[in-house]
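*Asks:* My questions will all concern the structure given below.
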Amino acid sequence: MQTSFTLAQLADPHVADSEKILRACVHCGFCTATCPTYVLDGNELDSPRGRIYLIKEMLENDRPASADVTLHIDRCLSCLACMTTCPSGVHYMHLVDHARAHVEQTFRRPFADRFLRGVLAWLMPYPPRFRLALNAARFGKPFAPLLDAFGFTRLAAMLRLAPWQGPRRPLAPQIFPAQGPARKGRVALLAGCVNDVLAPQINAATIRVLNRLGIEVIVAAGAGCCGSLVHHMGREDEALAQARANIDAWAALPALDAIVINTSGCGTTVKDYGFMLRTDPIYAERAGKVARLARDISEYLVSLPLEADANVPALVVAYHAACSLQHGQRVLRQPKELLGKLGFQVRDVPDGHLCCGSAGTYNILQADIAERLRKRKVGTIEGLRPDVIAAGNIGCMTQITAGTKLPAVHTVELIDWATGGPCPPALRDHQRRLAKQPLAAAG
Ligand code: SF4
Ligand code: SF4
């Protein structure tokens, strides 16, 4: 694609990087076929190619974002399916991240939108605040249909996504020692923010599996949210501050073999720290080092000698490939390989390249599109008639379980169970519910 940025514009490294990305696009439109928002409505402006044009026009002309451009950028899930499909290697992620920051700096959103975004950015990255909010949401949950009826769809979506059970206390910084006579490795675990409050069993399973394999696990003091929640809202300063805090926290640890991440949305962001902080003279080098150490838990485990415990049933597992894992990190094979090796019958979800609609805060901010994507995803998963759904991202688990009675667990919970850990709580509760149902109702 031809561009016409001035030399003065290209002096800004963010514009210069975006210009390179824009020039790589050859308008072929292959990406449209795999873009969830285009697949739903067929609107070119809600396709990657359409968004690329809008971003080009906006940046090239140094224009503040208009309401129309903001709408189409906001509707993008950042699922990155377009990057997997693109034959020209267009780095859409960096382009849309730049565009989101530009929108945030130049467009004044309506008050309700600003307020909701502000609340989400204030709450979600901070486990103690998020925990309090979830406790309150349990009481509001029954009123979600009423709020929907009065047009408060985003508030209703928030309540629907909140779990019925009370949130847990976040994991305190500490060292989890390796089991066995000799330590075989040492990793830092990104305990995360939302993940740790909504589903602490995921971190617990991760730590058990690693410790059992002789790996010491450190949850570093000072590490917190990876920054992706606010990064995807275009709140760049906040995202970079959160990234720097994590880099400082991990830099203070003894030598690490890896930084293990079990929430794939966070993994994609941490692996991008080197780019995000490329213009920061103090942090750029350390950010690159952290990005190179980051591993999804399945990537880290795949080379270790896992052995199955014979007592675990060979359940049929519908493996939902989170977008951030399959498109953002290109981790496709490892989770399925691990589950298969441990005796589970793994089935791929048809149209698995399409997002479930979770996408960070997307299922709150774009509740209607997210709901349509959820229905589509749940339909394809239920068609497989699995015993359980496995995914590598808490966002997808929360999004999918809001639309199905099937239990959804993190891949590492199944790995832990199969190698001597407890049965994942969601699966145990589901089996208990099934046992209580009369036979006719259980189908
Ligand atoms: S990131 Fe996803 S939603 Fe956004 S343009 Fe690419 S494919 Fe479409
Ligand atoms: S597939 Fe790649 S090169 Fe083709 S239009 Fe989409 S982004 Fe541009």
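Just so we're on the same page: first chain in the structure tokens is A, next is B, and so on; residues restart at 1 for each chain, and ligands are numbered from 1 in the order they show up.
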Please identify all protein, DNA and RNA residues within 10 Å of ligand 1, counting only C-alpha atoms and all ligand atoms, and report them as JSON, numbers by chain.

*Replies:* {"A": [31, 32, 33, 34, 35, 36, 37, 38, 39, 45, 46, 47, 48, 49, 50, 51, 52, 72, 73, 74, 75, 76, 77, 78, 79, 80, 81, 82, 83, 84, 85, 86, 92, 93, 96, 323, 327, 328, 353, 354, 355, 357, 359]}

*Asks:* Excluding same-chain residues fewer than 2 positions from Arg109 (chain A), what lies within 12 Å of it counting only C-alpha atoms, as an NGL selection string?

*Replies:* :A and (65-68 or 70-71 or 74 or 103-107 or 111-118)

*Asks:* Just give me the gap between CA of Leu10 (chain A) and CA of Arg23 (chain A) in Å, one decimal is fine.

*Replies:* 13.3 Å

*Asks:* Take CA of Gly343 (chain A) and CA of Arg208 (chain A) and report the distance between them in Å, one decimal.

*Replies:* 19.2 Å

*Asks:* Could you pull out all residues of region 123-311 of chain A with a DSSP call of alpha helix (DSSP H) and give them as number ranges by chain?

*Replies:* A: 123, 127-140, 144-149, 153-161, 194-198, 200-212, 228-231, 236-251, 264-270, 273-276, 284-293, 297-301

*Asks:* Quick one: write out the picked residues with C-alpha atoms as a CSV table (one decimal), in the first residue's frame?

*Replies:*
chain,number,residue,atom,x,y,z
A,123,LEU,CA,-11.0,-2.1,38.8
A,127,PRO,CA,-7.1,-7.9,42.5
A,128,PRO,CA,-8.3,-6.4,45.8
A,129,ARG,CA,-10.6,-3.9,44.0
A,130,PHE,CA,-11.8,-6.5,41.5
A,131,ARG,CA,-12.5,-8.9,44.3
A,132,LEU,CA,-14.7,-6.4,46.1
A,133,ALA,CA,-16.6,-5.6,42.8
A,134,LEU,CA,-17.2,-9.3,42.2
A,135,ASN,CA,-18.6,-9.7,45.7
A,136,ALA,CA,-21.0,-6.9,45.0
A,137,ALA,CA,-21.9,-8.3,41.5
A,138,ARG,CA,-23.1,-11.5,43.0
A,139,PHE,CA,-26.0,-9.6,44.5
A,140,GLY,CA,-26.8,-7.7,41.3
A,144,ALA,CA,-29.2,-8.7,34.7
A,145,PRO,CA,-32.3,-9.5,32.5
A,146,LEU,CA,-34.0,-6.4,34.0
A,147,LEU,CA,-31.0,-4.2,33.1
A,148,ASP,CA,-31.0,-5.7,29.6
A,149,ALA,CA,-34.7,-4.8,29.2
A,153,THR,CA,-26.7,-4.0,28.0
A,154,ARG,CA,-23.1,-3.4,29.1
A,155,LEU,CA,-24.0,-3.5,32.8
A,156,ALA,CA,-26.1,-6.6,32.3
A,157,ALA,CA,-23.2,-8.2,30.4
A,158,MET,CA,-20.8,-7.5,33.4
A,159,LEU,CA,-23.2,-9.1,35.8
A,160,ARG,CA,-23.8,-12.1,33.6
A,161,LEU,CA,-20.0,-12.7,33.4
A,194,VAL,CA,-8.4,-11.3,36.9
A,195,ASN,CA,-7.2,-14.9,36.5
A,196,ASP,CA,-6.1,-15.1,40.1
A,197,VAL,CA,-9.3,-13.7,41.6
A,198,LEU,CA,-11.8,-15.5,39.3
A,200,PRO,CA,-7.2,-19.4,41.6
A,201,GLN,CA,-7.3,-23.1,40.9
A,202,ILE,CA,-5.5,-22.4,37.6
A,203,ASN,CA,-2.4,-20.9,39.4
A,204,ALA,CA,-2.6,-23.7,42.0
A,205,ALA,CA,-2.6,-26.4,39.3
A,206,THR,CA,0.3,-24.7,37.4
A,207,ILE,CA,2.4,-24.6,40.6
A,208,ARG,CA,1.6,-28.2,41.5
A,209,VAL,CA,2.5,-29.5,38.0
A,210,LEU,CA,5.8,-27.5,37.9
A,211,ASN,CA,6.8,-28.4,41.4
A,212,ARG,CA,6.1,-32.1,40.8
A,228,SER,CA,-3.1,-5.8,28.5
A,229,LEU,CA,-6.5,-4.8,29.8
A,230,VAL,CA,-5.7,-1.1,29.6
A,231,HIS,CA,-3.4,-1.5,26.6
A,236,GLU,CA,-0.8,3.5,26.9
A,237,ASP,CA,0.7,5.2,29.9
A,238,GLU,CA,-1.1,2.9,32.3
A,239,ALA,CA,-0.2,-0.1,30.3
A,240,LEU,CA,3.5,0.8,30.2
A,241,ALA,CA,3.6,1.6,33.9
A,242,GLN,CA,2.2,-1.9,34.6
A,243,ALA,CA,4.7,-3.5,32.2
A,244,ARG,CA,7.6,-1.6,33.9
A,245,ALA,CA,6.5,-2.8,37.4
A,246,ASN,CA,6.6,-6.4,36.2
A,247,ILE,CA,10.0,-6.0,34.6
A,248,ASP,CA,11.4,-4.5,37.9
A,249,ALA,CA,9.8,-7.3,39.9
A,250,TRP,CA,11.2,-10.1,37.7
A,251,ALA,CA,14.6,-8.4,37.4
A,264,SER,CA,-2.7,-16.4,27.0
A,265,GLY,CA,-4.0,-12.9,26.6
A,266,CYS,CA,-1.3,-11.8,29.1
A,267,GLY,CA,1.3,-14.0,27.4
A,268,THR,CA,0.8,-12.2,24.1
A,269,THR,CA,1.3,-8.8,25.9
A,270,VAL,CA,4.4,-9.9,27.9
A,273,TYR,CA,7.1,-5.9,26.1
A,274,GLY,CA,10.2,-5.4,24.0
A,275,PHE,CA,8.2,-3.6,21.3
A,276,MET,CA,6.0,-1.7,23.7
A,284,ALA,CA,14.0,-1.2,26.4
A,285,GLU,CA,16.8,-3.8,26.9
A,286,ARG,CA,15.3,-5.4,30.1
A,287,ALA,CA,11.8,-5.4,28.4
A,288,GLY,CA,13.3,-7.4,25.5
A,289,LYS,CA,14.9,-9.9,27.9
A,290,VAL,CA,11.6,-10.4,29.7
A,291,ALA,CA,9.8,-10.9,26.4
A,292,ARG,CA,12.3,-13.6,25.4
A,293,LEU,CA,11.8,-15.4,28.7
A,297,ILE,CA,2.6,-22.9,30.3
A,298,SER,CA,1.9,-25.4,27.5
A,299,GLU,CA,5.1,-24.3,25.7
A,300,TYR,CA,7.1,-24.8,28.9
A,301,LEU,CA,5.6,-28.2,29.8

*Asks:* Could you pull out the strand (DSSP E) residues of region 383-443 of chain A, going by DSSP on the backbone, and write them as a ChimeraX atom specification?

*Replies:* /A:388-391,408-410

*Asks:* Restricting it to C-alpha atoms, dump the selection as a PDB file, in the first residue's frame.

*Replies:*
ATOM      1  CA  VAL A 388     -15.306 -30.983  29.066  1.00  0.00           C
ATOM      2  CA  ILE A 389     -13.990 -27.865  27.327  1.00  0.00           C
ATOM      3  CA  ALA A 390     -10.319 -26.971  27.763  1.00  0.00           C
ATOM      4  CA  ALA A 391      -8.812 -23.555  27.025  1.00  0.00           C
ATOM      5  CA  ALA A 408     -14.798 -25.410  31.016  1.00  0.00           C
ATOM      6  CA  VAL A 409     -11.394 -25.820  32.590  1.00  0.00           C
ATOM      7  CA  HIS A 410      -7.894 -24.571  31.918  1.00  0.00           C
TER       8      HIS A 410
END

*Asks:* Counting only C-alpha atoms and all ligand atoms, figure out which residue out of A:Val90, A:Ile381, A:Ile215, A:Val15 gets nearest to ligand 2.

*Replies:*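 Residue with the minimum atom-to-atom distance to ligand 2: A:Val90.
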
*Asks:* Which residue out of A:Pro110, A:Thr6, A:Cys28, A:Glu216 has the minimum interatomic distance to Lys184 (chain A) when only C-alpha atoms are used?

*Replies:*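 Once distances to Lys184 (chain A) are computed over only C-alpha atoms, the minimum belongs to A:Glu216.
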
*Asks:* Using only C-alpha atoms for the distances, tell me which of A:Gln345, A:Ile218, A:His14, A:Met1 is nearest to Leu277 (chain A).

*Replies:*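 For Leu277 (chain A), the nearest of the candidates is A:His14.
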
*Asks:* What does the structure give for the distance between CA of Glu337 (chain A) and CA of Pro425 (chain A), in Å to one decimal?

*Replies:*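 Rounded to one decimal, the two atoms are 23.0 Å apart.
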
*Asks:* Compile the contact shell of Leu332 (chain A) as a PyMOL selection string: residues with an atom at most 8 Å away, counting only C-alpha atoms, same-chain residues fewer than 5 positions apart removed.

*Replies:* chain A and resi 321+325-326

*Asks:* Next, write the just-selected residues to a file, as a PDB file, in the first residue's frame, keeping C-alpha atoms as the atom set.

*Replies:*
ATOM      1  CA  ALA A 321      -7.760 -22.500  21.021  1.00  0.00           C
ATOM      2  CA  LEU A 325      -2.584 -18.374  22.018  1.00  0.00           C
ATOM      3  CA  GLN A 326      -3.172 -19.549  18.443  1.00  0.00           C
TER       4      GLN A 326
END

*Asks:* Give the answer as one residue: which of A:Gln334, A:Thr404, A:Gln399, A:Gln431 has the shortest atom-to-atom distance to Thr380 (chain A), using only C-alpha atoms?

*Replies:*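 Among A:Gln334, A:Thr404, A:Gln399, A:Gln431, it is A:Thr404 that comes nearest to Thr380 (chain A).
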
*Asks:* May I ask which of the residues A:Ser18, A:Thr3, A:Ser88, A:Thr419 is the closest one to ligand 2, counting only C-alpha atoms and all ligand atoms?

*Replies:* A:Ser88
